[in-house]
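S.K.: Have a look at the structure that comes next, please.
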Amino acid sequence: MQGIIFDIKHYAIHDGPGIRQTIFFKGCPLGCWWCHNPESRSPEIFSYQKEEKLDQLKIQSRETIGRQYSVPELMTEVLKDQVLFEESGGGVTISGGEPLMQFDFLMDFLKACKNQDIHSCLDTTALTDTSRMQQIIPWVDLFLIDVKQVDDQKHTKYTGVSNEKILENIRMLDQNDQDIWFRYPLIPGMNDDEADLLRMMAFLKSLKKQHPISILPYHKIGSQKYDRFGIDYKMDGIEEPTEKKLSQTQQYFENAGFEVKIGG
Ligand code: SF4
């Protein structure tokens, strides 16, 4: 069986504990307006005409997004960093896109990591069948889950999908005593007003355990990619959150007893 991977990042320090190798699976069922990896959404490998400027010269080349890997091939890549994982308490982070879209390949890969005693984080939207989420539990050490918006209408507007299944899966993981590290992408005008924060707080407090939260400030990195890949860009005029807004949001959750940090 082969999986489609669109990037591999070595020495990542924001995607879980210790030093990590982050592997980006291609394909995502969401279409977040702020996505900085729009090339990850399609589950297919594709090529595009890349144009770069060197002084007055325009250089064109063909670039391919996505590559097929077998599990043994991916493990060869992973094992290159094994010493770093051991020294730093790190491991592999599986991100995307949405890794659960390649469920069978993901399962095989997670099992191969477990066999080698490599710590695994699954960076997921939690949008999948609950039965699949249950099957994956024994093979994941830490879930990194984006909670983008608790109001379903707003979630649907800004990501293209309902959050009903996402919230159900989060509750299920929490009920099953899974380690979760929430990631809250803070997007001005889309999920950062007082009512948004109140709803988010109420949901997180309704869980059995108080899981840590990382606030991920919206940034414009990646906006040029929309033009490049011919995808509609909807974030014109949206500014990055101010330092003040970030620290106020951090304080808000800290006051309620959550462990919070800004950044991944
Ligand atoms: S879930 Fe992540 S990868 Fe998918 S569209 Fe949203 S930001 Fe992009």
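By order of appearance in the structure tokens: chains A, B, ..., then residues from 1 within every chain, and ligands from 1 in the order shown.
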Residues up to 12 Å from ligand 1, counting only C-alpha atoms and all ligand atoms: could you list those as an NGL selection string?

M.R.: :A and (6 or 24-43 or 95-101 or 123-127 or 144-149 or 155-156 or 158-161 or 163 or 166 or 183-187 or 216 or 218-219 or 222 or 226 or 231)

S.K.: If you take only C-alpha atoms and a cut-off of 10 Å, which residues of range 59-99 of chain A touch range 12-15 of chain A, and what are their nearest atom pairs and distances in Å to one decimal, in chain and number order, as CSV?

M.R.:
```
residue,atom,partner,partner_atom,distance
A:Gly90,CA,A:Ile13,CA,8.8
A:Gly91,CA,A:Asp15,CA,9.7
A:Val92,CA,A:Asp15,CA,8.9
A:Thr93,CA,A:Asp15,CA,6.5
A:Ile94,CA,A:Asp15,CA,9.1
A:Ser95,CA,A:Asp15,CA,8.9
```

S.K.: Write out, as an mmCIF file, in the first residue's frame, the residues just selected, with N, CA and C atoms.

M.R.:
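Here's the written file part_8.cif:
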```
data_model
loop_
_atom_site.group_PDB
_atom_site.id
_atom_site.type_symbol
_atom_site.label_atom_id
_atom_site.label_comp_id
_atom_site.auth_asym_id
_atom_site.auth_seq_id
_atom_site.Cartn_x
_atom_site.Cartn_y
_atom_site.Cartn_z
ATOM 1 N N GLY A 90 11.437 13.306 21.560
ATOM 2 C CA GLY A 90 10.577 13.639 20.420
ATOM 3 C C GLY A 90 10.003 12.418 19.717
ATOM 4 N N GLY A 91 9.747 12.578 18.437
ATOM 5 C CA GLY A 91 9.167 11.478 17.668
ATOM 6 C C GLY A 91 8.586 11.981 16.361
ATOM 7 N N VAL A 92 7.601 11.250 15.881
ATOM 8 C CA VAL A 92 6.992 11.577 14.593
ATOM 9 C C VAL A 92 5.674 12.306 14.819
ATOM 10 N N THR A 93 5.440 13.353 14.026
ATOM 11 C CA THR A 93 4.122 13.995 14.018
ATOM 12 C C THR A 93 3.534 13.815 12.632
ATOM 13 N N ILE A 94 2.323 13.294 12.605
ATOM 14 C CA ILE A 94 1.667 13.065 11.318
ATOM 15 C C ILE A 94 0.635 14.174 11.151
ATOM 16 N N SER A 95 0.840 14.963 10.092
ATOM 17 C CA SER A 95 0.021 16.148 9.891
ATOM 18 C C SER A 95 -0.522 16.140 8.472
#
```

S.K.: With only C-alpha atoms as the basis for distance, which of A:Ala195, A:Val78, A:Ile170, A:Ile215 is at the shortest distance from Glu259 in chain A?

M.R.: A:Ile215

S.K.: Considering only C-alpha atoms, return as a ChimeraX atom specification whatever protein or nucleic-acid residues lie within 10 Å of Thr242 in chain A, sequence-local ones (same chain, fewer than 4 positions apart) excluded.

M.R.: /A:188,217,246-248

S.K.: Write to file, as a PDB file, in the first residue's frame, the residues of the selection just made, with all heavy atoms.

M.R.:
```
ATOM      1  N   PRO A 188      -8.770  36.699  13.163  1.00  0.00           N
ATOM      2  CA  PRO A 188      -9.569  37.905  13.404  1.00  0.00           C
ATOM      3  C   PRO A 188     -10.874  37.911  12.610  1.00  0.00           C
ATOM      4  O   PRO A 188     -10.906  37.651  11.411  1.00  0.00           O
ATOM      5  CB  PRO A 188      -8.635  39.038  12.954  1.00  0.00           C
ATOM      6  CG  PRO A 188      -7.266  38.478  13.186  1.00  0.00           C
ATOM      7  CD  PRO A 188      -7.373  37.015  12.849  1.00  0.00           C
ATOM      8  N   PRO A 217      -1.648  32.002  16.131  1.00  0.00           N
ATOM      9  CA  PRO A 217      -2.099  33.239  15.495  1.00  0.00           C
ATOM     10  C   PRO A 217      -2.144  33.117  13.969  1.00  0.00           C
ATOM     11  O   PRO A 217      -1.210  32.562  13.368  1.00  0.00           O
ATOM     12  CB  PRO A 217      -1.056  34.277  15.928  1.00  0.00           C
ATOM     13  CG  PRO A 217       0.067  33.527  16.540  1.00  0.00           C
ATOM     14  CD  PRO A 217      -0.368  32.132  16.829  1.00  0.00           C
ATOM     15  N   LEU A 246      -3.539  38.586  21.381  1.00  0.00           N
ATOM     16  CA  LEU A 246      -3.014  37.249  21.696  1.00  0.00           C
ATOM     17  C   LEU A 246      -2.852  37.064  23.196  1.00  0.00           C
ATOM     18  O   LEU A 246      -3.266  36.045  23.765  1.00  0.00           O
ATOM     19  CB  LEU A 246      -1.655  37.032  21.008  1.00  0.00           C
ATOM     20  CG  LEU A 246      -1.703  36.807  19.502  1.00  0.00           C
ATOM     21  CD1 LEU A 246      -0.307  36.823  18.915  1.00  0.00           C
ATOM     22  CD2 LEU A 246      -2.381  35.480  19.197  1.00  0.00           C
ATOM     23  N   SER A 247      -2.248  38.085  23.850  1.00  0.00           N
ATOM     24  CA  SER A 247      -2.031  37.890  25.286  1.00  0.00           C
ATOM     25  C   SER A 247      -3.343  37.940  26.057  1.00  0.00           C
ATOM     26  O   SER A 247      -3.513  37.236  27.051  1.00  0.00           O
ATOM     27  CB  SER A 247      -0.981  38.849  25.840  1.00  0.00           C
ATOM     28  OG  SER A 247      -1.384  40.147  25.637  1.00  0.00           O
ATOM     29  N   GLN A 248      -4.314  38.740  25.578  1.00  0.00           N
ATOM     30  CA  GLN A 248      -5.637  38.742  26.244  1.00  0.00           C
ATOM     31  C   GLN A 248      -6.295  37.353  26.132  1.00  0.00           C
ATOM     32  O   GLN A 248      -6.878  36.853  27.092  1.00  0.00           O
ATOM     33  CB  GLN A 248      -6.571  39.761  25.573  1.00  0.00           C
ATOM     34  CG  GLN A 248      -6.329  41.194  26.010  1.00  0.00           C
ATOM     35  CD  GLN A 248      -7.157  42.185  25.191  1.00  0.00           C
ATOM     36  OE1 GLN A 248      -7.675  41.848  24.118  1.00  0.00           O
ATOM     37  NE2 GLN A 248      -7.266  43.405  25.692  1.00  0.00           N
TER      38      GLN A 248
END
```

S.K.: List every residue of range 20-250 of chain A that DSSP, applied to the backbone of this structure, places in helix (DSSP H, G or I), and write the result as a PyMOL selection string.

M.R.: chain A and resi 38-40+71-79+82-88+99-115+130-139+152-159+164-175+194-206+223-229+243-250

S.K.: Using CA of Ser223 in chain A and CA of Ile5 in chain A as the two end points, give the distance in Å to one decimal.

M.R.: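 Pair CA of Ser223 in chain A / CA of Ile5 in chain A returns 21.4 Å.
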
S.K.: So which one's closest to Ala256 in chain A, A:Gly3, A:Met172, A:Met201, A:Pro241? Using only C-alpha atoms, please.

M.R.: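 Among A:Gly3, A:Met172, A:Met201, A:Pro241, it is A:Met201 that comes nearest to Ala256 in chain A.
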
S.K.: Could you tell me which of A:His211, A:Lys157, A:His10, A:His119 comes closest to Glu77 in chain A if we count only C-alpha atoms?

M.R.: A:His10

S.K.: Point out the residue among A:Tyr233, A:Tyr252, A:Phe105, A:Phe258 with the least atom-to-atom distance to Phe182 in chain A, counting only C-alpha atoms.

M.R.: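 Under the stated criterion, the closest residue is A:Phe258.
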
S.K.: Would you mind listing what lies within 8 Å of range 47-50 of chain A as a PyMOL selection string, with only C-alpha atoms counted and same-chain residues fewer than 3 positions away left out?

M.R.: chain A and resi 60-65+228-229

S.K.: Let me see the file: selected residues, N, CA and C atoms, as a compact mmCIF listing (two decimals), in the first residue's frame.

M.R.:
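Output contents, as saved in out10.txt:
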```
# COMPACT_ATOMS: atom_id res chain seq x y z
N GLN A 60 11.26 29.40 -15.35
CA GLN A 60 10.09 28.54 -15.21
C GLN A 60 10.52 27.10 -15.05
N SER A 61 9.84 26.40 -14.17
CA SER A 61 10.11 24.97 -14.02
C SER A 61 8.82 24.27 -13.62
N ARG A 62 8.79 22.98 -13.78
CA ARG A 62 7.60 22.21 -13.44
C ARG A 62 7.80 21.61 -12.05
N GLU A 63 6.89 21.88 -11.14
CA GLU A 63 7.03 21.31 -9.79
C GLU A 63 5.85 20.40 -9.48
N THR A 64 6.16 19.29 -8.81
CA THR A 64 5.11 18.33 -8.47
C THR A 64 4.82 18.38 -6.98
N ILE A 65 3.55 18.42 -6.63
CA ILE A 65 3.14 18.44 -5.22
C ILE A 65 2.62 17.06 -4.86
N ARG A 228 -0.93 30.96 -7.16
CA ARG A 228 -0.12 29.96 -7.84
C ARG A 228 -0.94 28.71 -8.20
N PHE A 229 -1.82 28.31 -7.26
CA PHE A 229 -2.56 27.07 -7.49
C PHE A 229 -3.98 27.31 -8.01
```

S.K.: Write out as a count of residues only all residues of range 91-215 of chain A that DSSP puts in strand (DSSP E) for this structure's backbone.

M.R.: 26

S.K.: May I ask which of the residues A:Arg171, A:Asp129, A:Gln153, A:Asp177 is the closest one to Asp141 in chain A, counting only C-alpha atoms?

M.R.: A:Asp177

S.K.: Leaving out Arg199 in chain A and any residue of its chain fewer than 4 positions from it, which residues lie within 9 Å of it when counting only C-alpha atoms, given as a ChimeraX atom specification?

M.R.: /A:149-151,194-195,203-204

S.K.: Given the choices A:Thr249, A:Ile213, A:Asp227, A:Tyr11, which gets closest to Gly263 in chain A if the distance is worked out from only C-alpha atoms?

M.R.: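 Checking each of A:Thr249, A:Ile213, A:Asp227, A:Tyr11 against Gly263 in chain A, counting only C-alpha atoms, the winner is A:Ile213.
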
S.K.: Contacts of Lys9 in chain A at 9 Å or less, counting only C-alpha atoms, minus same-chain residues fewer than 5 places along, as a PDB file with N, CA and C atoms, in the first residue's frame?

M.R.:
```pdb
ATOM      1  N   ARG A  20      10.996  16.725  16.441  1.00  0.00           N
ATOM      2  CA  ARG A  20      10.094  15.833  15.728  1.00  0.00           C
ATOM      3  C   ARG A  20      10.381  15.824  14.235  1.00  0.00           C
ATOM      4  N   GLN A  21       9.926  14.771  13.612  1.00  0.00           N
ATOM      5  CA  GLN A  21       9.870  14.759  12.153  1.00  0.00           C
ATOM      6  C   GLN A  21       8.387  14.830  11.808  1.00  0.00           C
ATOM      7  N   THR A  22       8.016  15.879  11.084  1.00  0.00           N
ATOM      8  CA  THR A  22       6.593  16.059  10.754  1.00  0.00           C
ATOM      9  C   THR A  22       6.357  15.619   9.317  1.00  0.00           C
ATOM     10  N   ILE A  23       5.397  14.740   9.170  1.00  0.00           N
ATOM     11  CA  ILE A  23       5.101  14.156   7.858  1.00  0.00           C
ATOM     12  C   ILE A  23       3.707  14.616   7.443  1.00  0.00           C
ATOM     13  N   PHE A  24       3.628  15.258   6.299  1.00  0.00           N
ATOM     14  CA  PHE A  24       2.376  15.885   5.865  1.00  0.00           C
ATOM     15  C   PHE A  24       1.663  14.997   4.848  1.00  0.00           C
TER      16      PHE A  24
END
```

S.K.: So how many Å separate CA of Gln2 in chain A and CA of Tyr69 in chain A, to one decimal?

M.R.: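 So the answer is 5.3 Å.
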